[in-house]
>>> print(open('upload.pdb').read())   # PDB, C-alpha atoms
ATOM      1  CA  MET O  10     -41.336 -67.529   8.432
ATOM      2  CA  ALA O  11     -37.864 -66.576   7.235
ATOM      3  CA  LEU O  12     -39.288 -64.652   4.277
ATOM      4  CA  SER O  13     -41.577 -62.716   6.590
ATOM      5  CA  HIS O  14     -38.661 -61.956   8.910
ATOM      6  CA  TRP O  15     -36.574 -60.423   6.113
ATOM      7  CA  ARG O  16     -39.589 -58.535   4.758
ATOM      8  CA  ASP O  17     -40.164 -56.998   8.199
ATOM      9  CA  LYS O  18     -36.497 -56.025   8.429
ATOM     10  CA  ALA O  19     -36.644 -54.379   5.005
ATOM     11  CA  VAL O  20     -39.724 -52.414   5.977
ATOM     12  CA  LEU O  21     -38.070 -51.348   9.213
ATOM     13  CA  ALA O  22     -34.926 -50.252   7.354
ATOM     14  CA  SER O  23     -37.012 -48.203   4.903
ATOM     15  CA  VAL O  24     -38.855 -46.517   7.758
ATOM     16  CA  CYS O  25     -35.588 -45.724   9.563
ATOM     17  CA  SER O  26     -34.061 -44.334   6.370
ATOM     18  CA  ALA O  27     -37.079 -42.117   5.767
ATOM     19  CA  LEU O  28     -36.995 -40.878   9.347
ATOM     20  CA  ALA O  29     -33.258 -40.119   9.062
ATOM     21  CA  MET O  30     -33.804 -38.129   5.878
ATOM     22  CA  ALA O  31     -36.638 -36.224   7.474
ATOM     23  CA  SER O  32     -34.578 -35.352  10.540
ATOM     24  CA  ALA O  33     -31.380 -34.426   8.621
ATOM     25  CA  PRO O  34     -30.730 -30.684   8.233
ATOM     26  CA  ALA O  35     -31.850 -29.411   4.889
ATOM     27  CA  ALA O  36     -29.098 -28.211   2.555
ATOM     28  CA  LEU O  37     -28.859 -24.453   2.771
ATOM     29  CA  ALA O  38     -29.895 -22.609  -0.351
ATOM     30  CA  VAL O  39     -27.397 -20.697  -2.447
ATOM     31  CA  PRO O  40     -27.762 -16.979  -1.659
ATOM     32  CA  SER O  41     -29.584 -15.017  -4.302
ATOM     33  CA  GLN O  42     -27.679 -12.533  -6.422
ATOM     34  CA  GLN O  43     -29.605  -9.750  -4.715
ATOM     35  CA  ALA O  44     -28.470 -11.012  -1.298
ATOM     36  CA  VAL O  45     -24.850 -11.141  -2.484
ATOM     37  CA  LEU O  46     -25.040  -7.615  -3.913
ATOM     38  CA  GLN O  47     -26.517  -6.392  -0.639
ATOM     39  CA  ALA O  48     -23.712  -8.071   1.315
ATOM     40  CA  ALA O  49     -21.090  -6.428  -0.923
ATOM     41  CA  THR O  50     -22.625  -2.940  -0.762
ATOM     42  CA  GLY O  51     -19.761  -1.464   1.258
ATOM     43  CA  LEU O  52     -17.192  -2.548  -1.315
ATOM     44  CA  ILE O  53     -19.394  -1.698  -4.294
ATOM     45  CA  ARG O  54     -19.575   1.886  -2.976
ATOM     46  CA  GLU O  55     -15.788   2.061  -3.277
ATOM     47  CA  GLY O  56     -15.971   1.025  -6.943
ATOM     48  CA  CYS O  57     -15.623  -2.754  -6.699
ATOM     49  CA  ALA O  58     -17.996  -5.053  -8.594
ATOM     50  CA  VAL O  59     -19.200  -8.578  -7.873
ATOM     51  CA  ALA O  60     -17.456 -10.784 -10.437
ATOM     52  CA  LEU O  61     -18.358 -14.217  -9.057
ATOM     53  CA  PHE O  62     -21.617 -15.295  -7.441
ATOM     54  CA  PRO O  63     -21.596 -18.424  -5.226
ATOM     55  CA  THR O  64     -22.717 -21.809  -6.537
ATOM     56  CA  PRO O  65     -22.763 -25.255  -4.889
ATOM     57  CA  GLN O  66     -19.665 -26.111  -6.918
ATOM     58  CA  SER O  67     -17.895 -22.823  -6.015
ATOM     59  CA  PRO O  68     -19.075 -21.652  -2.563
ATOM     60  CA  GLN O  69     -17.489 -18.192  -2.560
ATOM     61  CA  ILE O  70     -18.110 -14.671  -3.693
ATOM     62  CA  GLY O  71     -15.568 -12.851  -5.838
ATOM     63  CA  LEU O  72     -15.103  -9.135  -6.381
ATOM     64  CA  SER O  73     -13.034  -7.168  -8.840
ATOM     65  CA  CYS O  74     -11.700  -3.752  -7.788
ATOM     66  CA  ASN O  75     -10.055  -1.471 -10.326
ATOM     67  CA  ASN O  76      -7.129   0.773  -9.386
ATOM     68  CA  ALA O  77      -9.396   3.646  -8.343
ATOM     69  CA  ALA O  78     -11.249   1.310  -5.968
ATOM     70  CA  LEU O  79      -7.941  -0.075  -4.681
ATOM     71  CA  ALA O  80      -6.795   3.482  -3.961
ATOM     72  CA  ALA O  81     -10.007   4.117  -2.024
ATOM     73  CA  LEU O  82      -9.398   0.989   0.061
ATOM     74  CA  LEU O  83      -5.791   1.933   0.828
ATOM     75  CA  ASN O  84      -6.023   5.688   1.348
ATOM     76  CA  PRO O  85      -7.206   5.577   4.989
ATOM     77  CA  TYR O  86      -3.986   3.743   5.863
ATOM     78  CA  PHE O  87      -1.485   5.386   3.521
ATOM     79  CA  SER O  88      -2.647   8.809   4.749
ATOM     80  CA  GLU O  89      -1.287   7.900   8.183
ATOM     81  CA  SER O  90       2.253   7.484   6.876
ATOM     82  CA  GLY O  91       5.025   9.920   7.720
ATOM     83  CA  PHE O  92       8.383  10.961   6.262
ATOM     84  CA  ARG O  93      11.127  13.279   7.523
ATOM     85  CA  ILE O  94      14.352  13.974   5.623
ATOM     86  CA  TYR O  95      17.343  15.553   7.355
ATOM     87  CA  SER O  96      21.119  15.796   7.328
ATOM     88  CA  THR O  97      23.471  14.927  10.170
ATOM     89  CA  GLY O  98      26.029  17.477   8.955
ATOM     90  CA  TRP O  99      28.373  18.159   6.063
ATOM     91  CA  SER O 100      30.504  15.152   6.893
ATOM     92  CA  GLY O 101      27.585  12.997   8.063
ATOM     93  CA  GLU O 102      24.704  11.440   6.155
ATOM     94  CA  THR O 103      21.353  12.374   4.668
ATOM     95  CA  LYS O 104      18.706  10.234   6.323
ATOM     96  CA  ILE O 105      14.986   9.614   6.211
ATOM     97  CA  ASP O 106      12.747   8.700   9.144
ATOM     98  CA  TRP O 107       9.656   7.026   7.757
ATOM     99  CA  ARG O 108       6.593   4.987   8.569
ATOM    100  CA  LEU O 109       4.293   3.416   5.988
ATOM    101  CA  GLY O 110       0.737   3.393   7.321
ATOM    102  CA  PRO O 111      -0.502   3.698  10.911
ATOM    103  CA  GLN O 112       1.271   2.380  13.984
ATOM    104  CA  GLU O 113      -1.603   0.045  14.848
ATOM    105  CA  ILE O 114      -4.621  -1.636  13.221
ATOM    106  CA  ARG O 115      -6.393  -3.667  15.871
ATOM    107  CA  ALA O 116      -8.688  -5.545  13.476
ATOM    108  CA  ILE O 117      -5.721  -7.461  12.040
ATOM    109  CA  ASN O 118      -3.435  -7.286  15.093
ATOM    110  CA  PHE O 119      -1.040  -5.040  13.157
ATOM    111  CA  ARG O 120       1.618  -3.018  14.969
ATOM    112  CA  GLN O 121       4.770  -1.245  13.915
ATOM    113  CA  GLY O 122       7.188   1.221  15.477
ATOM    114  CA  PRO O 123       6.807   5.006  15.290
ATOM    115  CA  HIS O 124       9.340   5.144  12.461
ATOM    116  CA  ALA O 125      12.280   3.444  10.800
ATOM    117  CA  THR O 126      15.442   5.255   9.725
ATOM    118  CA  ALA O 127      17.365   4.784   6.502
ATOM    119  CA  ARG O 128      20.380   6.455   4.928
ATOM    120  CA  ILE O 129      19.657   7.907   1.491
ATOM    121  CA  ALA O 130      22.920   9.765   0.794
ATOM    122  CA  ASN O 131      26.376  10.319   2.234
ATOM    123  CA  GLY O 132      26.839  13.767   3.774
ATOM    124  CA  THR O 133      26.233  16.135   0.885
ATOM    125  CA  LEU O 134      23.505  15.553  -1.659
ATOM    126  CA  PHE O 135      25.584  17.180  -4.388
ATOM    127  CA  SER O 136      29.137  18.445  -4.898
ATOM    128  CA  TYR O 137      30.605  20.334  -7.837
ATOM    129  CA  ARG O 138      34.278  20.726  -8.652
ATOM    130  CA  ASN O 139      35.636  22.001 -11.958
ATOM    131  CA  SER O 140      39.086  23.280 -12.772
ATOM    132  CA  LEU O 141      37.523  26.002 -14.923
ATOM    133  CA  SER O 142      35.300  27.269 -12.114
ATOM    134  CA  PRO O 143      36.550  29.610  -9.386
ATOM    135  CA  LEU O 144      34.149  27.991  -6.916
ATOM    136  CA  ASP O 145      33.662  24.471  -5.622
ATOM    137  CA  ILE O 146      30.211  23.909  -4.131
ATOM    138  CA  ARG O 147      28.386  21.297  -2.077
ATOM    139  CA  VAL O 148      24.721  21.045  -1.155
ATOM    140  CA  ARG O 149      22.961  19.312   1.733
ATOM    141  CA  VAL O 150      19.550  19.368   3.438
ATOM    142  CA  GLY O 151      19.024  22.366   5.694
ATOM    143  CA  ASN O 152      16.203  22.212   8.210
ATOM    144  CA  PRO O 153      14.454  18.817   8.353
ATOM    145  CA  ILE O 154      11.878  18.362   5.595
ATOM    146  CA  SER O 155       8.612  16.871   6.879
ATOM    147  CA  SER O 156       5.811  15.354   4.836
ATOM    148  CA  GLY O 157       2.205  16.501   4.837
ATOM    149  CA  VAL O 158      -0.829  14.241   4.322
ATOM    150  CA  GLU O 159       0.013  11.389   1.956
ATOM    151  CA  ARG O 160      -2.390   9.755  -0.467
ATOM    152  CA  VAL O 161      -2.544   7.138  -3.196
ATOM    153  CA  GLU O 162      -4.234   7.671  -6.556
ATOM    154  CA  SER O 163      -4.863   5.348  -9.472
ATOM    155  CA  ILE O 164      -2.615   5.185 -12.524
ATOM    156  CA  PRO O 165      -2.425   2.596 -15.334
ATOM    157  CA  GLY O 166      -0.634  -0.434 -13.964
ATOM    158  CA  GLY O 167      -1.041   0.357 -10.283
ATOM    159  CA  LEU O 168      -1.118   3.321  -7.929
ATOM    160  CA  ARG O 169       0.804   6.531  -7.375
ATOM    161  CA  PHE O 170       1.838   7.253  -3.786
ATOM    162  CA  VAL O 171       1.939  11.047  -3.445
ATOM    163  CA  ILE O 172       4.061  12.469  -0.621
ATOM    164  CA  PRO O 173       3.894  16.270  -0.278
ATOM    165  CA  PHE O 174       6.555  17.973   1.823
ATOM    166  CA  SER O 175       6.965  21.299   3.542
ATOM    167  CA  ARG O 176       9.033  23.901   1.690
ATOM    168  CA  ALA O 177      12.568  22.541   1.567
ATOM    169  CA  SER O 178      15.783  24.471   1.965
ATOM    170  CA  LEU O 179      18.985  22.959   0.600
ATOM    171  CA  LEU O 180      22.099  24.633   2.007
ATOM    172  CA  CYS O 181      24.884  25.550  -0.385
ATOM    173  CA  GLN O 182      28.473  25.940   0.813
ATOM    174  CA  GLY O 183      31.293  27.195  -1.381
ATOM    175  CA  ASP O 184      35.074  26.983  -1.432
ATOM    176  CA  PRO O 185      36.441  29.944  -3.423
ATOM    177  CA  ALA O 186      39.797  29.641  -5.142
ATOM    178  CA  GLY O 187      42.704  30.287  -2.823
ATOM    179  CA  PRO O 188      43.040  29.798   0.919
ATOM    180  CA  GLY O 189      40.131  30.039   3.300
ATOM    181  CA  GLY O 190      38.247  26.754   2.863
ATOM    182  CA  TRP O 191      34.487  26.253   2.789
ATOM    183  CA  ILE O 192      32.278  29.286   3.400
ATOM    184  CA  ASP O 193      28.584  28.960   4.226
ATOM    185  CA  HIS O 194      27.354  31.957   2.236
ATOM    186  CA  ALA O 195      29.764  31.742  -0.659
ATOM    187  CA  CYS O 196      26.873  30.467  -2.820
ATOM    188  CA  PRO O 197      23.121  30.958  -2.420
ATOM    189  CA  ASP O 198      20.955  28.251  -0.852
ATOM    190  CA  VAL O 199      18.490  26.347  -3.009
ATOM    191  CA  ASN O 200      14.787  26.503  -2.165
ATOM    192  CA  TRP O 201      12.516  23.688  -3.285
ATOM    193  CA  ASN O 202       9.010  25.119  -3.436
ATOM    194  CA  ASN O 203       5.923  22.843  -3.228
ATOM    195  CA  PRO O 204       8.084  19.720  -3.072
ATOM    196  CA  VAL O 205       6.309  16.462  -3.868
ATOM    197  CA  ILE O 206       7.709  12.950  -4.235
ATOM    198  CA  LYS O 207       5.597  10.605  -6.355
ATOM    199  CA  ILE O 208       6.205   6.857  -6.151
ATOM    200  CA  ASN O 209       4.627   4.814  -8.926
ATOM    201  CA  LEU O 210       3.634   1.493  -7.348
ATOM    202  CA  ARG O 211       3.463  -1.371  -9.855
ATOM    203  CA  PHE O 212       2.054  -4.582  -8.417
ATOM    204  CA  SER O 213       2.813  -8.250  -8.913
ATOM    205  CA  ARG O 214       0.062 -10.843  -8.555
ATOM    206  CA  ASP O 215       0.570 -11.060  -4.767
ATOM    207  CA  LEU O 216       0.395  -7.251  -4.310
ATOM    208  CA  THR O 217       4.131  -6.885  -3.819
ATOM    209  CA  LEU O 218       5.990  -4.179  -5.743
ATOM    210  CA  ARG O 219       7.423  -4.995  -9.147
ATOM    211  CA  PRO O 220      10.979  -3.898 -10.024
ATOM    212  CA  ASP O 221       9.623  -1.271 -12.434
ATOM    213  CA  SER O 222       8.079   0.729  -9.572
ATOM    214  CA  ASN O 223       9.758   4.129  -9.805
ATOM    215  CA  VAL O 224       9.960   7.670  -8.480
ATOM    216  CA  ASP O 225       9.382  11.169  -9.803
ATOM    217  CA  VAL O 226       9.527  14.566  -8.119
ATOM    218  CA  SER O 227       7.691  17.829  -8.716
ATOM    219  CA  GLY O 228       7.828  21.404  -7.497
ATOM    220  CA  SER O 229       9.932  24.379  -8.501
ATOM    221  CA  PHE O 230      13.522  25.182  -7.559
ATOM    222  CA  ASP O 231      14.776  28.659  -6.703
ATOM    223  CA  LEU O 232      18.477  28.369  -7.519
ATOM    224  CA  GLY O 233      19.469  31.857  -6.447
ATOM    225  CA  GLY O 234      21.528  32.747  -9.490
ATOM    226  CA  ILE O 235      23.789  29.675  -9.643
ATOM    227  CA  ASP O 236      21.842  28.106 -12.494
ATOM    228  CA  ALA O 237      25.011  27.668 -14.557
ATOM    229  CA  LEU O 238      26.684  25.574 -11.859
ATOM    230  CA  LEU O 239      23.552  23.860 -10.535
ATOM    231  CA  PRO O 240      20.846  23.822 -13.258
ATOM    232  CA  ASP O 241      17.252  22.823 -12.497
ATOM    233  CA  ARG O 242      17.628  19.376 -14.096
ATOM    234  CA  THR O 243      20.645  18.651 -11.863
ATOM    235  CA  ILE O 244      18.961  19.550  -8.577
ATOM    236  CA  ARG O 245      15.805  17.700  -9.686
ATOM    237  CA  GLY O 246      17.968  14.664 -10.403
ATOM    238  CA  ILE O 247      19.500  14.938  -6.919
ATOM    239  CA  ALA O 248      16.041  14.870  -5.358
ATOM    240  CA  ARG O 249      14.956  11.964  -7.595
ATOM    241  CA  ASP O 250      18.054   9.924  -6.743
ATOM    242  CA  ALA O 251      17.486  10.416  -3.013
ATOM    243  CA  ALA O 252      13.815   9.454  -3.379
ATOM    244  CA  THR O 253      14.746   6.381  -5.430
ATOM    245  CA  GLU O 254      17.045   5.220  -2.653
ATOM    246  CA  ALA O 255      14.231   5.822  -0.158
ATOM    247  CA  LEU O 256      11.935   3.621  -2.293
ATOM    248  CA  ARG O 257      14.534   0.864  -2.246
ATOM    249  CA  GLN O 258      14.693   1.096   1.539
ATOM    250  CA  ILE O 259      10.930   0.969   2.131
ATOM    251  CA  THR O 260      10.079  -1.708  -0.466
ATOM    252  CA  PRO O 261      10.342  -4.702   1.939
ATOM    253  CA  THR O 262       7.943  -3.011   4.360
ATOM    254  CA  ALA O 263       5.584  -2.048   1.530
ATOM    255  CA  ASN O 264       5.559  -5.665   0.359
ATOM    256  CA  ALA O 265       4.611  -6.828   3.853
ATOM    257  CA  ASN O 266       2.034  -4.106   4.580
ATOM    258  CA  ILE O 267      -0.021  -3.393   1.462
ATOM    259  CA  SER O 268      -2.035  -6.622   1.428
ATOM    260  CA  GLN O 269      -2.615  -6.225   5.169
ATOM    261  CA  PHE O 270      -3.992  -2.719   4.640
ATOM    262  CA  VAL O 271      -6.389  -4.014   1.960
ATOM    263  CA  LYS O 272      -7.622  -6.732   4.311
ATOM    264  CA  ALA O 273      -8.041  -4.227   7.142
ATOM    265  CA  SER O 274     -10.115  -1.980   4.871
ATOM    266  CA  VAL O 275     -12.435  -4.884   4.013
ATOM    267  CA  LEU O 276     -12.686  -6.066   7.636
ATOM    268  CA  ALA O 277     -13.666  -2.554   8.722
ATOM    269  CA  ARG O 278     -16.904  -3.091   6.777
ATOM    270  CA  TYR O 279     -17.786  -6.508   8.254
ATOM    271  CA  ALA O 280     -17.881  -6.967  12.013
ATOM    272  CA  GLY O 281     -16.646 -10.347  13.193
ATOM    273  CA  MET O 282     -14.995 -11.394   9.942
ATOM    274  CA  PRO O 283     -11.642 -13.186  10.460
ATOM    275  CA  ALA O 284      -8.726 -11.866   8.399
ATOM    276  CA  ASN O 285      -8.187 -15.296   6.799
ATOM    277  CA  CYS O 286     -11.562 -14.960   5.045
ATOM    278  CA  ILE O 287     -10.046 -12.520   2.560
ATOM    279  CA  ARG O 288      -8.027 -13.867  -0.354
ATOM    280  CA  LEU O 289      -6.294 -11.406  -2.646
ATOM    281  CA  SER O 290      -4.541 -11.306  -5.998
ATOM    282  CA  TYR O 291      -3.769  -8.557  -8.524
ATOM    283  CA  VAL O 292      -4.213  -9.278 -12.226
ATOM    284  CA  ASN O 293      -4.531  -6.974 -15.256
ATOM    285  CA  ASP O 294      -4.962  -3.727 -13.310
ATOM    286  CA  ASN O 295      -7.568  -5.256 -11.003
ATOM    287  CA  LEU O 296      -7.535  -6.389  -7.416
ATOM    288  CA  ARG O 297      -9.326  -9.726  -7.179
ATOM    289  CA  LEU O 298     -10.894 -10.396  -3.814
ATOM    290  CA  SER O 299     -12.650 -13.622  -2.827
ATOM    291  CA  ILE O 300     -14.441 -14.686   0.365
ATOM    292  CA  PRO O 301     -15.378 -18.368   0.969
ATOM    293  CA  LEU O 302     -18.849 -19.379   2.203
ATOM    294  CA  ASP O 303     -18.331 -23.100   2.838
ATOM    295  CA  ARG O 304     -18.817 -24.929   6.132
ATOM    296  CA  GLN O 305     -15.128 -24.636   7.046
ATOM    297  CA  ASN O 306     -15.424 -20.840   6.720
ATOM    298  CA  ALA O 307     -18.813 -20.336   8.331
ATOM    299  CA  ALA O 308     -17.643 -17.189  10.144
ATOM    300  CA  CYS O 309     -16.979 -15.544   6.762
ATOM    301  CA  ALA O 310     -20.544 -16.198   5.587
ATOM    302  CA  ARG O 311     -22.035 -15.021   8.868
ATOM    303  CA  ALA O 312     -20.082 -11.767   8.765
ATOM    304  CA  LEU O 313     -21.498 -11.123   5.291
ATOM    305  CA  GLY O 314     -25.010 -12.004   6.427
ATOM    306  CA  LEU O 315     -25.152 -14.898   3.945
ATOM    307  CA  SER O 316     -26.009 -18.574   4.399
ATOM    308  CA  VAL O 317     -23.284 -21.170   4.708
ATOM    309  CA  LEU O 318     -23.010 -23.529   1.740
ATOM    310  CA  GLU O 319     -22.454 -27.248   2.236
TER     311      GLU O 319
END
>>> encode(input="upload.pdb", output="C-alpha cells")
Amino acid sequence: MALSHWRDKAVLASVCSALAMASAPAALAVPSQQAVLQAATGLIREGCAVALFPTPQSPQIGLSCNNAALAALLNPYFSESGFRIYSTGWSGETKIDWRLGPQEIRAINFRQGPHATARIANGTLFSYRNSLSPLDIRVRVGNPISSGVERVESIPGGLRFVIPFSRASLLCQGDPAGPGGWIDHACPDVNWNNPVIKINLRFSRDLTLRPDSNVDVSGSFDLGGIDALLPDRTIRGIARDAATEALRQITPTANANISQFVKASVLARYAGMPANCIRLSYVNDNLRLSIPLDRQNAACARALGLSVLE
C-alpha cells in the first residue's frame, strides 16, 4: 500500500513537471547575423561595422566606427555650434561667445544656454615696443568676428573641428615718437582673409579630450606694409594663442557633450530606444558602441527589432 502510494506520487510529480515544462515560455532564439546586420543598417550606412554578434553568453551587439564614421555621427550636432570673437575696447578684453552643439536635443533631454562667454586675451591681442623703432603699435579685434557653418572631419587619432569665420579685421593703433599719444591710423589695420580655426580633437577612452588636443589656424594676412614690425608668423601666432585659450575654455563642455551627441545620433535612428542602451568607448582610432539585448534591457532589443535574450 505504501509502495503504491509513493509510486503514484512519483508519477504525479513527473506529470506536473512535464506540464510545467510544456507551459514555460520557450527560450528566445539568438538573432541571426542577417537580422543583426539589418538592425544596424542605419549605422552601417555611416561607415560603422558590426564587430560583435549576440550569443547566449554575451547578449549584446557591438559596432566599431572609425573616425570618418564618428565624424558623420557628430556633424549634425557640431554644425549647430556658434562662435563670435570681439573686443570690449583697447583697455578691455578680447572675448569669445560660444556654444558647442545645438541648444536642445529632445531625444536625450539635452539643453544648454544660447552661448557662454570666455575671455581669451586682455585688451590688445598684440603690442610692440622697441627702442629702435619710431613707432609703438598695438592690435585688437575690430568688428566682431562670427563663425560660419562648423564641421568635424576625420584625422589620425581623432577628429578635426573646423570653424570658418567671416573676414576678420584687426585694428592697429600707433604711438609715434614724441608727444601726441596713440593714433588710430598711425599704422595700417590687419585683414585676416578666409580665417579658419582648426581644433584637433584627440580622444581618451571615455571620449573626453586628451591633453594633446591642439589648435591651428589658416587663411592669409594682409599686413598693409608693416611686415617688418608685425610679420605673418607673428600675427598667425597671435591668432593661434587666442584660439588655444578658447580651446582651454571650452574643453569641459566638450568633455560633457561629445558622448551625448554620439548617443543622440544613434537614438535618432531607433525610435523608442532609451539613452542608457548605448555604451561607448574609444580605442585605437575607433569608437566602440555596444547595445545590450538581455531581459533587463528589453527596450533596447525592441527598438532594434531584435528578440530579447534570456
>>> closest_residue(input="upload.pdb", among="O:Ala195, O:Ile53, O:Ile208, O:Ala60", to="Thr260 of chain O", atoms="all atoms listed in the file")
O:Ile208
>>> residues_around(input="upload.pdb", residues="Arg93 of chain O", least_positions_apart="3", cutoff="7 Å", atoms="only C-alpha atoms", output="list in words")
Ile105, Asp106, Trp107, Pro153, Ile154, Ser155 and Ser156 of chain O
>>> resolve_selection(input="upload.pdb", expression="the PyMOL selection byres ((chain O and resi 298) around 9)", output="list in words")
Ile70, Gly71, Leu72, Ser73, Cys74, Ile287, Arg288, Leu289, Ser290, Tyr291, Leu296, Arg297, Ser299 and Ile300 of chain O
>>> write_last_selection(input="upload.pdb", atoms="C-alpha atoms", output="PDB file, in the frame of the given file")
ATOM      1  CA  ILE O  70     -18.110 -14.671  -3.693  1.00  0.00           C
ATOM      2  CA  GLY O  71     -15.568 -12.851  -5.838  1.00  0.00           C
ATOM      3  CA  LEU O  72     -15.103  -9.135  -6.381  1.00  0.00           C
ATOM      4  CA  SER O  73     -13.034  -7.168  -8.840  1.00  0.00           C
ATOM      5  CA  CYS O  74     -11.700  -3.752  -7.788  1.00  0.00           C
ATOM      6  CA  ILE O 287     -10.046 -12.520   2.560  1.00  0.00           C
ATOM      7  CA  ARG O 288      -8.027 -13.867  -0.354  1.00  0.00           C
ATOM      8  CA  LEU O 289      -6.294 -11.406  -2.646  1.00  0.00           C
ATOM      9  CA  SER O 290      -4.541 -11.306  -5.998  1.00  0.00           C
ATOM     10  CA  TYR O 291      -3.769  -8.557  -8.524  1.00  0.00           C
ATOM     11  CA  LEU O 296      -7.535  -6.389  -7.416  1.00  0.00           C
ATOM     12  CA  ARG O 297      -9.326  -9.726  -7.179  1.00  0.00           C
ATOM     13  CA  SER O 299     -12.650 -13.622  -2.827  1.00  0.00           C
ATOM     14  CA  ILE O 300     -14.441 -14.686   0.365  1.00  0.00           C
TER      15      ILE O 300
END
>>> closest_residue(input="upload.pdb", among="O:Leu302, O:Met282, O:Leu179, O:Ala186", to="Ser316 of chain O", atoms="all atoms listed in the file")
O:Leu302
>>> atom_distance(input="upload.pdb", atom1="atom CA of Val39 of chain O", atom2="atom CA of Gly56 of chain O")
25.0 Å
>>> residues_around(input="upload.pdb", residues="Pro204 of chain O", least_positions_apart="2", cutoff="6 Å", atoms="all atoms listed in the file", output="list in words")
Phe174, Trp201, Asn202, Ser227 and Gly228 of chain O
>>> residues_around(input="upload.pdb", residues="segment 76-79 of chain O", least_positions_apart="2", cutoff="9 Å", atoms="only C-alpha atoms", output="NGL selection string")
:O and (52-57 or 74 or 81-84 or 162-168 or 271 or 294-296)
>>> resolve_selection(input="upload.pdb", expression="the PyMOL selection byres ((chain O and resi 315) around 9)", output="VMD selection string")
chain O and resid 39 to 40 44 to 45 48 302 309 to 314 316 to 317
>>> write_last_selection(input="upload.pdb", atoms="C-alpha atoms", output="PDB file, in the frame of the given file")
ATOM      1  CA  VAL O  39     -27.397 -20.697  -2.447  1.00  0.00           C
ATOM      2  CA  PRO O  40     -27.762 -16.979  -1.659  1.00  0.00           C
ATOM      3  CA  ALA O  44     -28.470 -11.012  -1.298  1.00  0.00           C
ATOM      4  CA  VAL O  45     -24.850 -11.141  -2.484  1.00  0.00           C
ATOM      5  CA  ALA O  48     -23.712  -8.071   1.315  1.00  0.00           C
ATOM      6  CA  LEU O 302     -18.849 -19.379   2.203  1.00  0.00           C
ATOM      7  CA  CYS O 309     -16.979 -15.544   6.762  1.00  0.00           C
ATOM      8  CA  ALA O 310     -20.544 -16.198   5.587  1.00  0.00           C
ATOM      9  CA  ARG O 311     -22.035 -15.021   8.868  1.00  0.00           C
ATOM     10  CA  ALA O 312     -20.082 -11.767   8.765  1.00  0.00           C
ATOM     11  CA  LEU O 313     -21.498 -11.123   5.291  1.00  0.00           C
ATOM     12  CA  GLY O 314     -25.010 -12.004   6.427  1.00  0.00           C
ATOM     13  CA  SER O 316     -26.009 -18.574   4.399  1.00  0.00           C
ATOM     14  CA  VAL O 317     -23.284 -21.170   4.708  1.00  0.00           C
TER      15      VAL O 317
END
>>> closest_residue(input="upload.pdb", among="O:Val161, O:Leu210, O:Leu180, O:Ile129", to="Ala263 of chain O", atoms="all atoms listed in the file")
O:Leu210
>>> closest_residue(input="upload.pdb", among="O:Thr253, O:Glu113, O:Gln43, O:Ile94", to="Ala273 of chain O", atoms="only C-alpha atoms")
O:Glu113
>>> atom_distance(input="upload.pdb", atom1="atom CA of Ser175 of chain O", atom2="atom CA of Val199 of chain O")
14.2 Å
>>> resolve_selection(input="upload.pdb", expression="the PyMOL selection byres ((chain O and resi 264) around 12)", output="PyMOL selection string")
chain O and resi 109+210-220+256-263+265-270
>>> closest_residue(input="upload.pdb", among="O:Val292, O:Val275, O:Arg147, O:Ala308", to="Thr50 of chain O", atoms="all atoms listed in the file")
O:Val275
